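Some notes on the structure that comes next.
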Amino acid sequence: MATAAAGGAGQEKQLAPTLLSFFIYNPKLGPKEGEEEKKILFYHPNEVEKNEKIRNVGLCEAIVQFTRTFSPTKPAKSLHTQKNRQFFHEPEENFWMVMVVRNPIIEKHKDGKPVYEYQEEELLDKVYSSVLQQCYSMYKLFNGTFLKAMEDGGVKVLKERLEKFFHRYLQTLHLQSCDLLDVFCGISFFPLDKMTYLKIQSFINRMEESLNIVKYTAFLYNDQLIWSGLEQDDMRILYKYLTTSLFPRHMEPEVYGRDSPIRAEMPGNLQHYGRFLTGPLNLNDPEAKCRFPKIFVNTDDTYEELHLIVYKAMSAAVCFMIDASIPPTLEFCRKLDSIVGPQLTVLASDICEQYNINKRISGAEKEPQFKFIYFNHMNLAEKSTIHMRKTPSVSLASVHPDLMKILGDINSDFSRVDEDEEIIVKAMSDYWVVGKKSDQRELYVILNQKNANLIEVNEEVKKLCATQFNNIFFLD
């Protein structure tokens with residue numbers, strides 16, 4: 001994605017970071033000379049000449065081995081060069097994932113010829129290392145571990161699964177808009193009053209009872225999480241899949257009122273807007289396929305294989321996870337539709353009503369003078385007023401990239417110390433950036449105040465903590 005900066009003769013063009021290559025290898029698979037190609041399990045772009053693939057993998061192997069001599073337990077995480085940056089990750093023993101990202105470029109014209117200046121310091125290691133780790137987590141969610149594929153059918157099966165998954169997944173990596181949120185990979189929770197929360201809780205209990213093969217349930221509204229029965233780490237990656245991939249593919253205008261049913265054939269008051277986002281498209285078709293994506297959870301110890309059923313009515317979505325050894329039948333899907341659909345429709349309008357009432361009570365939110373990102377490591381709760389989710393997989397930040405980089409730098413400082421701390425930075429122009437770390441929580445605030453001094457900035461942040469986070473203890 002190139003953005004051109006206006007300017008007469010010395011016109012500059014800024015070229016965003018891009019993915020140069022991505023590969024997965026295992027050094028134990030081709031130990032002998034002449035067998036190097038056997039180490040390579042996946043390589044993107046595939047068109048690259050065989051010898052170059054072998055050379056690039058060999059180079060990464062050498063770097064990892066070389067850095068091991070200095071730090072046996074923590075091998076290399078990244079390598080900085082003028083033109084690009086390489087990130088290394090060993091998610092399972094001897095399985096290495098490598099991502100090579102080209103540094104951003106400023107293109108200038110000198111005497112009519114383009115001159116490229118590589119921005120070597122612009123990329124944040126922590127952000128792209130997190131992106132690489134998520135590539136593995138997302139693969140594991142749908143396929144289980146690399147080792148599992150080896151057990152299922154050796155190198156051949158593993159290569160097939162990697163090819164099938166990463167061929168599609170790598171197209172969804174928007175490296176130009178990766179930032180601090182990728183480091184947190186948090187979950188946005190939907191704010192609810194107690195009564196509505198209890199209604200949802202009782203709805204989930206009723207559903208799990210009626211559909212007795214359901215093992216886990218997750219409930220979302222407006223792409224935000226309300227309830228989940230999954231382990232945190234599994235929910236975190238499932239949440240990312242739902243909000244950046246599945247839901248955006250099924251965007252629809254939610255303009256229907258309660259009394260204009262999509263399905264005229266529903267009798268009486270059972271009008272509902274429920275539909276499957278995964279599974280059968282048309283329940284009236286006797287040939288309809290009841291295929292649901294498989295997911296793997298608790299991969300660290302027990303290893304559960306589940307079918308993921310995602311069902312949505314208006315802005316509410318519920319995920320039912322059932323044991324993968326039980327194939328869901330069309331009969332089951334129809335039963336689920338008839339039980340869940342009407343109740344979820346009513347529940348969705350209740351939540352919407354309640355939410356609007358709460359919004360009116362709390363008063364219209366005017367554009368504040370500050371923007372913030374908040375993250376809690378304990379429950380993975382994330383809140384950002386900096387990001388506007390405009391498109392499916394790109395979270396666009398509404399502040400200058402330089403400011404986002406400062407946030408990333410502050411976060412790196414925080415992760416180096418265990419104590420609580422606060423960092424205040426005077427950035428370019430009129431911006432102040434404040435980072436607070438207290439216990440397991442982090443808050444980053446960007447203020448745009450001309451001529452403000454340190455004391456005033458501190459006061460503003462205190463006010464913000466009092467209004468937005470009144471029940472959260474932050475250090476004074």
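Labeling convention for the structure tokens: chains A, B, ... as they appear, residues from 1 per chain, ligands from 1 in order of appearance.
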
Looking only at alpha helix (DSSP H) from DSSP on the backbone, list the matching residues of region 401-470 of chain A as JSON, numbers by chain.
{"A": [401, 402, 403, 404, 405, 406, 407, 408, 409, 410, 411, 412, 413, 414, 415, 416, 454, 455, 456, 457, 458, 459, 460, 461, 462, 463, 464, 465, 466, 467, 468]}

Deliver the residues from the most recent selection as a file, using N, CA and C atoms, as a short mmCIF file (atom, residue, chain, number, x, y, z; two decimals), in the first residue's frame.
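Output contents, as saved in again09.cif:
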```
data_model
loop_
_atom_site.label_atom_id
_atom_site.label_comp_id
_atom_site.auth_asym_id
_atom_site.auth_seq_id
_atom_site.Cartn_x
_atom_site.Cartn_y
_atom_site.Cartn_z
N PRO A 401 1.33 7.34 12.49
CA PRO A 401 2.16 6.14 12.74
C PRO A 401 3.30 6.38 13.73
N ASP A 402 3.86 7.59 13.72
CA ASP A 402 4.96 7.88 14.66
C ASP A 402 4.49 7.74 16.11
N LEU A 403 3.25 8.15 16.36
CA LEU A 403 2.72 8.05 17.73
C LEU A 403 2.49 6.58 18.09
N MET A 404 2.01 5.80 17.10
CA MET A 404 1.80 4.37 17.37
C MET A 404 3.12 3.70 17.69
N LYS A 405 4.18 4.18 17.03
CA LYS A 405 5.50 3.59 17.28
C LYS A 405 5.96 3.91 18.71
N ILE A 406 5.67 5.12 19.17
CA ILE A 406 6.04 5.49 20.55
C ILE A 406 5.31 4.57 21.54
N LEU A 407 4.02 4.29 21.26
CA LEU A 407 3.27 3.38 22.14
C LEU A 407 3.96 2.02 22.19
N GLY A 408 4.40 1.55 21.02
CA GLY A 408 5.09 0.26 20.96
C GLY A 408 6.39 0.28 21.75
N ASP A 409 7.11 1.39 21.65
CA ASP A 409 8.38 1.51 22.39
C ASP A 409 8.14 1.50 23.90
N ILE A 410 7.09 2.23 24.33
CA ILE A 410 6.78 2.26 25.77
C ILE A 410 6.43 0.85 26.25
N ASN A 411 5.65 0.14 25.43
CA ASN A 411 5.25 -1.22 25.79
C ASN A 411 6.48 -2.12 25.94
N SER A 412 7.47 -1.96 25.04
CA SER A 412 8.70 -2.77 25.15
C SER A 412 9.42 -2.46 26.46
N ASP A 413 9.43 -1.17 26.84
CA ASP A 413 10.06 -0.81 28.11
C ASP A 413 9.34 -1.48 29.28
N PHE A 414 8.01 -1.46 29.22
CA PHE A 414 7.22 -2.05 30.30
C PHE A 414 7.53 -3.54 30.45
N SER A 415 7.71 -4.22 29.32
CA SER A 415 7.87 -5.68 29.42
C SER A 415 9.25 -6.06 29.96
N ARG A 416 10.13 -5.09 30.06
CA ARG A 416 11.47 -5.40 30.59
C ARG A 416 11.52 -5.35 32.12
N LEU A 454 3.97 19.25 32.07
CA LEU A 454 3.95 17.90 32.64
C LEU A 454 2.86 17.74 33.69
N ILE A 455 2.71 18.75 34.54
CA ILE A 455 1.74 18.66 35.64
C ILE A 455 0.32 18.60 35.07
N GLU A 456 0.05 19.45 34.06
CA GLU A 456 -1.29 19.47 33.46
C GLU A 456 -1.61 18.13 32.77
N VAL A 457 -0.60 17.59 32.10
CA VAL A 457 -0.79 16.31 31.41
C VAL A 457 -1.14 15.23 32.43
N ASN A 458 -0.42 15.25 33.54
CA ASN A 458 -0.66 14.27 34.61
C ASN A 458 -2.08 14.38 35.15
N GLU A 459 -2.54 15.64 35.34
CA GLU A 459 -3.90 15.87 35.83
C GLU A 459 -4.95 15.31 34.87
N GLU A 460 -4.71 15.55 33.57
CA GLU A 460 -5.65 15.06 32.54
C GLU A 460 -5.78 13.55 32.58
N VAL A 461 -4.63 12.88 32.72
CA VAL A 461 -4.64 11.42 32.74
C VAL A 461 -5.36 10.92 33.99
N LYS A 462 -5.17 11.62 35.11
CA LYS A 462 -5.89 11.24 36.34
C LYS A 462 -7.39 11.34 36.13
N LYS A 463 -7.80 12.43 35.45
CA LYS A 463 -9.24 12.62 35.18
C LYS A 463 -9.77 11.47 34.33
N LEU A 464 -8.99 11.10 33.32
CA LEU A 464 -9.40 10.01 32.42
C LEU A 464 -9.58 8.73 33.22
N CYS A 465 -8.61 8.45 34.09
CA CYS A 465 -8.69 7.22 34.90
C CYS A 465 -9.94 7.25 35.78
N ALA A 466 -10.27 8.44 36.28
CA ALA A 466 -11.43 8.56 37.16
C ALA A 466 -12.73 8.34 36.40
N THR A 467 -12.81 8.85 35.16
CA THR A 467 -14.08 8.72 34.42
C THR A 467 -14.20 7.37 33.72
N GLN A 468 -13.14 6.94 33.05
CA GLN A 468 -13.23 5.71 32.25
C GLN A 468 -12.94 4.46 33.07
#
```

Do a neighbour search on region 299-310 of chain A at 8 Å with only C-alpha atoms, toss out local chain neighbours closer than 3 positions, and write the hits as an mmCIF file with N, CA, C and O atoms, in the first residue's frame.
```cif
data_model
loop_
_atom_site.group_PDB
_atom_site.id
_atom_site.type_symbol
_atom_site.label_atom_id
_atom_site.label_comp_id
_atom_site.auth_asym_id
_atom_site.auth_seq_id
_atom_site.Cartn_x
_atom_site.Cartn_y
_atom_site.Cartn_z
ATOM 1 N N GLY A 144 -4.500 -28.420 14.746
ATOM 2 C CA GLY A 144 -3.727 -29.083 15.801
ATOM 3 C C GLY A 144 -2.239 -28.814 15.565
ATOM 4 O O GLY A 144 -1.864 -28.062 14.671
ATOM 5 N N THR A 145 -1.385 -29.436 16.351
ATOM 6 C CA THR A 145 0.049 -29.127 16.279
ATOM 7 C C THR A 145 0.700 -29.720 15.025
ATOM 8 O O THR A 145 0.124 -30.576 14.357
ATOM 9 N N PHE A 276 -27.169 -19.775 10.157
ATOM 10 C CA PHE A 276 -25.858 -20.371 10.406
ATOM 11 C C PHE A 276 -24.785 -19.600 9.639
ATOM 12 O O PHE A 276 -24.926 -19.366 8.442
ATOM 13 N N LEU A 277 -23.719 -19.215 10.335
ATOM 14 C CA LEU A 277 -22.575 -18.609 9.623
ATOM 15 C C LEU A 277 -21.608 -19.710 9.211
ATOM 16 O O LEU A 277 -20.833 -19.564 8.290
ATOM 17 N N THR A 278 -21.621 -20.819 9.952
ATOM 18 C CA THR A 278 -20.867 -22.003 9.506
ATOM 19 C C THR A 278 -21.913 -23.100 9.405
ATOM 20 O O THR A 278 -22.840 -23.141 10.211
ATOM 21 N N GLY A 279 -21.800 -23.968 8.419
ATOM 22 C CA GLY A 279 -22.772 -25.052 8.287
ATOM 23 C C GLY A 279 -23.739 -24.833 7.138
ATOM 24 O O GLY A 279 -23.428 -24.149 6.180
ATOM 25 N N PHE A 292 -19.160 -28.514 9.268
ATOM 26 C CA PHE A 292 -18.727 -27.420 10.133
ATOM 27 C C PHE A 292 -17.207 -27.450 10.240
ATOM 28 O O PHE A 292 -16.606 -28.528 10.214
ATOM 29 N N PRO A 293 -16.587 -26.272 10.379
ATOM 30 C CA PRO A 293 -15.124 -26.289 10.553
ATOM 31 C C PRO A 293 -14.755 -27.008 11.850
ATOM 32 O O PRO A 293 -15.493 -26.936 12.827
ATOM 33 N N LYS A 294 -13.605 -27.684 11.814
ATOM 34 C CA LYS A 294 -13.118 -28.339 13.026
ATOM 35 C C LYS A 294 -12.140 -27.399 13.707
ATOM 36 O O LYS A 294 -11.364 -26.726 13.038
ATOM 37 N N ILE A 295 -12.174 -27.381 15.027
ATOM 38 C CA ILE A 295 -11.150 -26.621 15.749
ATOM 39 C C ILE A 295 -10.544 -27.515 16.833
ATOM 40 O O ILE A 295 -11.161 -28.498 17.260
ATOM 41 N N PHE A 296 -9.332 -27.165 17.224
ATOM 42 C CA PHE A 296 -8.621 -27.929 18.252
ATOM 43 C C PHE A 296 -8.358 -27.021 19.441
ATOM 44 O O PHE A 296 -7.772 -25.948 19.276
ATOM 45 N N ALA A 317 -24.264 -13.223 18.204
ATOM 46 C CA ALA A 317 -23.756 -14.468 17.607
ATOM 47 C C ALA A 317 -23.420 -15.428 18.731
ATOM 48 O O ALA A 317 -22.865 -15.028 19.757
ATOM 49 N N VAL A 318 -23.783 -16.688 18.527
ATOM 50 C CA VAL A 318 -23.446 -17.672 19.558
ATOM 51 C C VAL A 318 -22.664 -18.805 18.891
ATOM 52 O O VAL A 318 -22.979 -19.224 17.779
ATOM 53 N N CYS A 319 -21.586 -19.241 19.550
ATOM 54 C CA CYS A 319 -20.762 -20.328 19.012
ATOM 55 C C CYS A 319 -21.005 -21.558 19.880
ATOM 56 O O CYS A 319 -20.773 -21.509 21.096
ATOM 57 N N PHE A 320 -21.458 -22.619 19.243
ATOM 58 C CA PHE A 320 -21.598 -23.884 19.968
ATOM 59 C C PHE A 320 -20.474 -24.795 19.505
ATOM 60 O O PHE A 320 -20.246 -24.948 18.314
ATOM 61 N N MET A 321 -19.770 -25.399 20.458
ATOM 62 C CA MET A 321 -18.705 -26.322 20.081
ATOM 63 C C MET A 321 -19.089 -27.718 20.539
ATOM 64 O O MET A 321 -19.402 -27.925 21.719
ATOM 65 N N ILE A 322 -19.135 -28.659 19.575
ATOM 66 C CA ILE A 322 -19.545 -30.012 19.932
ATOM 67 C C ILE A 322 -18.432 -30.997 19.580
ATOM 68 O O ILE A 322 -17.612 -30.727 18.704
ATOM 69 N N ASP A 323 -18.411 -32.106 20.284
ATOM 70 C CA ASP A 323 -17.378 -33.115 20.097
ATOM 71 C C ASP A 323 -17.286 -33.525 18.626
ATOM 72 O O ASP A 323 -18.298 -33.859 18.005
ATOM 73 N N ALA A 324 -16.075 -33.521 18.079
ATOM 74 C CA ALA A 324 -15.913 -33.788 16.646
ATOM 75 C C ALA A 324 -16.242 -35.232 16.270
ATOM 76 O O ALA A 324 -16.440 -35.536 15.104
ATOM 77 N N SER A 325 -16.324 -36.114 17.276
ATOM 78 C CA SER A 325 -16.628 -37.507 16.927
ATOM 79 C C SER A 325 -18.122 -37.685 16.634
ATOM 80 O O SER A 325 -18.562 -38.716 16.159
#
```

So which residues of region 31-109 of chain A fall under strand (DSSP E) by DSSP, listed as number ranges by chain?
A: 40-44, 78-80, 84-92, 95-102, 105-109

Preceding selection exported with N, CA, C and O atoms as a compact mmCIF listing (two decimals), in the first residue's frame:
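Result written to out.txt:
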```
# COMPACT_ATOMS: atom_id res chain seq x y z
N ILE A 40 12.59 -28.32 4.16
CA ILE A 40 11.59 -27.28 3.91
C ILE A 40 10.19 -27.88 3.87
O ILE A 40 9.88 -28.72 3.06
N LEU A 41 9.35 -27.41 4.79
CA LEU A 41 7.98 -27.94 4.88
C LEU A 41 6.99 -27.04 4.16
O LEU A 41 5.97 -27.48 3.65
N PHE A 42 7.28 -25.74 4.15
CA PHE A 42 6.41 -24.79 3.45
C PHE A 42 7.26 -23.59 3.07
O PHE A 42 8.12 -23.16 3.84
N TYR A 43 7.01 -23.05 1.88
CA TYR A 43 7.77 -21.86 1.46
C TYR A 43 6.88 -20.95 0.63
O TYR A 43 6.27 -21.38 -0.34
N HIS A 44 6.79 -19.72 1.05
CA HIS A 44 6.04 -18.71 0.28
C HIS A 44 7.00 -17.56 -0.03
O HIS A 44 7.71 -17.13 0.87
N SER A 78 14.95 -12.06 16.09
CA SER A 78 14.88 -11.29 14.84
C SER A 78 16.27 -10.87 14.38
O SER A 78 17.22 -10.83 15.17
N LEU A 79 16.36 -10.58 13.09
CA LEU A 79 17.63 -10.14 12.50
C LEU A 79 17.34 -8.88 11.69
O LEU A 79 16.44 -8.86 10.85
N HIS A 80 18.09 -7.81 11.99
CA HIS A 80 17.86 -6.54 11.30
C HIS A 80 18.90 -6.37 10.19
O HIS A 80 20.09 -6.50 10.43
N ASN A 84 15.59 -5.45 5.03
CA ASN A 84 14.46 -6.17 5.62
C ASN A 84 14.74 -6.61 7.05
O ASN A 84 15.81 -6.37 7.59
N ARG A 85 13.73 -7.24 7.60
CA ARG A 85 13.87 -7.76 8.95
C ARG A 85 13.33 -9.17 8.98
O ARG A 85 12.27 -9.44 8.42
N GLN A 86 14.08 -10.09 9.61
CA GLN A 86 13.64 -11.48 9.66
C GLN A 86 13.22 -11.82 11.08
O GLN A 86 13.90 -11.43 12.04
N PHE A 87 12.12 -12.54 11.17
CA PHE A 87 11.62 -12.95 12.49
C PHE A 87 11.60 -14.46 12.59
O PHE A 87 11.17 -15.14 11.65
N PHE A 88 12.10 -14.98 13.71
CA PHE A 88 12.20 -16.44 13.89
C PHE A 88 11.32 -16.87 15.07
O PHE A 88 11.25 -16.18 16.07
N HIS A 89 10.71 -18.04 14.93
CA HIS A 89 9.87 -18.54 16.02
C HIS A 89 9.92 -20.07 15.98
O HIS A 89 9.75 -20.67 14.93
N GLU A 90 10.19 -20.67 17.14
CA GLU A 90 10.23 -22.13 17.23
C GLU A 90 9.05 -22.59 18.10
O GLU A 90 9.20 -22.78 19.31
N PRO A 91 7.86 -22.76 17.49
CA PRO A 91 6.67 -23.08 18.30
C PRO A 91 6.70 -24.49 18.88
O PRO A 91 6.14 -24.75 19.94
N GLU A 92 7.32 -25.42 18.14
CA GLU A 92 7.47 -26.79 18.64
C GLU A 92 8.92 -27.18 18.40
O GLU A 92 9.56 -26.65 17.50
N PHE A 95 10.85 -27.27 14.97
CA PHE A 95 10.04 -26.69 13.89
C PHE A 95 10.21 -25.18 13.94
O PHE A 95 9.86 -24.54 14.93
N TRP A 96 10.77 -24.63 12.87
CA TRP A 96 11.03 -23.19 12.84
C TRP A 96 10.15 -22.49 11.83
O TRP A 96 9.98 -22.95 10.70
N MET A 97 9.60 -21.35 12.26
CA MET A 97 8.84 -20.51 11.34
C MET A 97 9.62 -19.22 11.15
O MET A 97 10.13 -18.64 12.12
N VAL A 98 9.72 -18.77 9.91
CA VAL A 98 10.49 -17.56 9.62
C VAL A 98 9.64 -16.63 8.75
O VAL A 98 9.01 -17.07 7.78
N MET A 99 9.61 -15.36 9.14
CA MET A 99 8.88 -14.37 8.35
C MET A 99 9.85 -13.24 8.00
O MET A 99 10.51 -12.71 8.89
N VAL A 100 9.94 -12.94 6.73
CA VAL A 100 10.85 -11.87 6.29
C VAL A 100 10.00 -10.69 5.80
O VAL A 100 9.18 -10.83 4.89
N VAL A 101 10.19 -9.54 6.45
CA VAL A 101 9.39 -8.35 6.13
C VAL A 101 10.31 -7.27 5.55
O VAL A 101 11.36 -6.98 6.13
N ARG A 102 9.91 -6.72 4.41
CA ARG A 102 10.72 -5.63 3.84
C ARG A 102 10.47 -4.36 4.63
O ARG A 102 9.33 -4.01 4.94
N ILE A 105 9.89 1.95 2.80
CA ILE A 105 10.83 2.66 1.92
C ILE A 105 10.31 4.06 1.64
O ILE A 105 9.10 4.25 1.47
N ILE A 106 11.22 5.02 1.60
CA ILE A 106 10.85 6.34 1.06
C ILE A 106 11.48 6.43 -0.32
O ILE A 106 12.70 6.26 -0.48
N GLU A 107 10.63 6.65 -1.31
CA GLU A 107 11.13 6.73 -2.69
C GLU A 107 11.23 8.20 -3.09
O GLU A 107 10.25 8.95 -3.06
N LYS A 108 12.46 8.63 -3.41
CA LYS A 108 12.67 10.02 -3.84
C LYS A 108 13.13 10.01 -5.29
O LYS A 108 13.60 9.00 -5.79
N HIS A 109 13.02 11.16 -5.92
CA HIS A 109 13.50 11.25 -7.30
C HIS A 109 14.68 12.22 -7.37
O HIS A 109 14.58 13.36 -6.96
```

Surrounding residues of region 371-373 of chain A excluding itself and chain neighbours under 6 positions, 10 Å, only C-alpha atoms, as a ChimeraX atom specification:
/A:180-181,382-387,398-399,407,433-435,442-448,464

If you measure from CA of Leu158 (chain A) to CA of Val131 (chain A), what distance in Å do you get, rounded to one decimal?
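Between CA of Leu158 (chain A) and CA of Val131 (chain A) the gap is 21.5 Å.
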
Using only C-alpha atoms, which of A:Phe190, A:Tyr197, A:Phe332, A:Tyr139 sits nearest Leu283 (chain A)?
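Closest residue, counting only C-alpha atoms: A:Phe332.
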
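Minimum atom-to-atom distance to Gln134 (chain A), evaluated using only C-alpha atoms, belongs to A:Arg236 out of A:Arg236, A:Lys50, A:Lys437, A:Lys159.
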
Between CA of Lys77 (chain A) and CA of Ser130 (chain A), what is the spacing in Å?
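Separation between CA of Ser130 (chain A) and CA of Lys77 (chain A): 10.8 Å.
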
Given only C-alpha atoms as the counted atoms, nearest of A:Val48, A:Met207, A:Val425, A:Leu380 to Ser338 (chain A):
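Closest to Ser338 (chain A), using only C-alpha atoms: A:Met207.
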
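Counting only C-alpha atoms and comparing A:Ser210, A:Gln171, A:Gln201, A:Gln354, the residue that lies closest to Lys335 (chain A) is A:Ser210.
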
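The coordinates place CA of Lys436 (chain A) at 6.5 Å from CA of Ile423 (chain A).
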
Quick one: everything within 7 Å of region 118-121 of chain A, counting only C-alpha atoms, minus sequence neighbours fewer than 2 positions away in the same chain. Send it as a PyMOL selection string.
chain A and resi 82-83+103-106+116+123

Any chance you can output those residues with N, CA, C and O atoms as a tab-separated table (two decimals), in the first residue's frame?
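Here's the written file again19.tsv:
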```tsv
chain	number	residue	atom	x	y	z
A	82	GLN	N	19.61	-3.87	6.36
A	82	GLN	CA	19.21	-2.58	5.80
A	82	GLN	C	17.85	-2.66	5.09
A	82	GLN	O	17.00	-1.82	5.26
A	83	LYS	N	17.66	-3.72	4.32
A	83	LYS	CA	16.45	-3.78	3.48
A	83	LYS	C	15.29	-4.50	4.14
A	83	LYS	O	14.15	-4.25	3.82
A	103	ASN	N	11.55	-3.66	4.97
A	103	ASN	CA	11.41	-2.40	5.69
A	103	ASN	C	10.63	-1.39	4.86
A	103	ASN	O	10.65	-1.45	3.63
A	104	PRO	N	9.96	-0.43	5.51
A	104	PRO	CA	9.29	0.62	4.74
A	104	PRO	C	10.32	1.41	3.94
A	104	PRO	O	11.49	1.52	4.36
A	105	ILE	N	9.89	1.95	2.80
A	105	ILE	CA	10.83	2.66	1.92
A	105	ILE	C	10.31	4.06	1.64
A	105	ILE	O	9.10	4.25	1.47
A	106	ILE	N	11.22	5.02	1.60
A	106	ILE	CA	10.85	6.34	1.06
A	106	ILE	C	11.48	6.43	-0.32
A	106	ILE	O	12.70	6.26	-0.48
A	116	TYR	N	15.91	4.94	-3.49
A	116	TYR	CA	15.17	4.31	-2.39
A	116	TYR	C	15.92	4.45	-1.07
A	116	TYR	O	17.10	4.15	-0.99
A	123	LEU	N	10.20	-0.58	11.98
A	123	LEU	CA	9.42	-1.76	12.39
A	123	LEU	C	9.70	-2.11	13.85
A	123	LEU	O	10.83	-2.04	14.30
```

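Of the residues under consideration (A:Ile226, A:Glu151, A:Phe23, A:Arg334), A:Ile226 shows the shortest atom-to-atom contact distance to Asp193 (chain A) when counting only C-alpha atoms.
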
Could you list, as a ChimeraX atom specification, every residue within 12 Å of Glu37 (chain A), counting only C-alpha atoms and ignoring same-chain residues fewer than 6 positions away?
/A:24-31,43,49-58

Between A:Val214, A:Lys148, A:Ile187, A:Asn284, which one has atoms that come closest to Gln232 (chain A), using only C-alpha atoms?
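Among A:Val214, A:Lys148, A:Ile187, A:Asn284, it is A:Ile187 that comes nearest to Gln232 (chain A).
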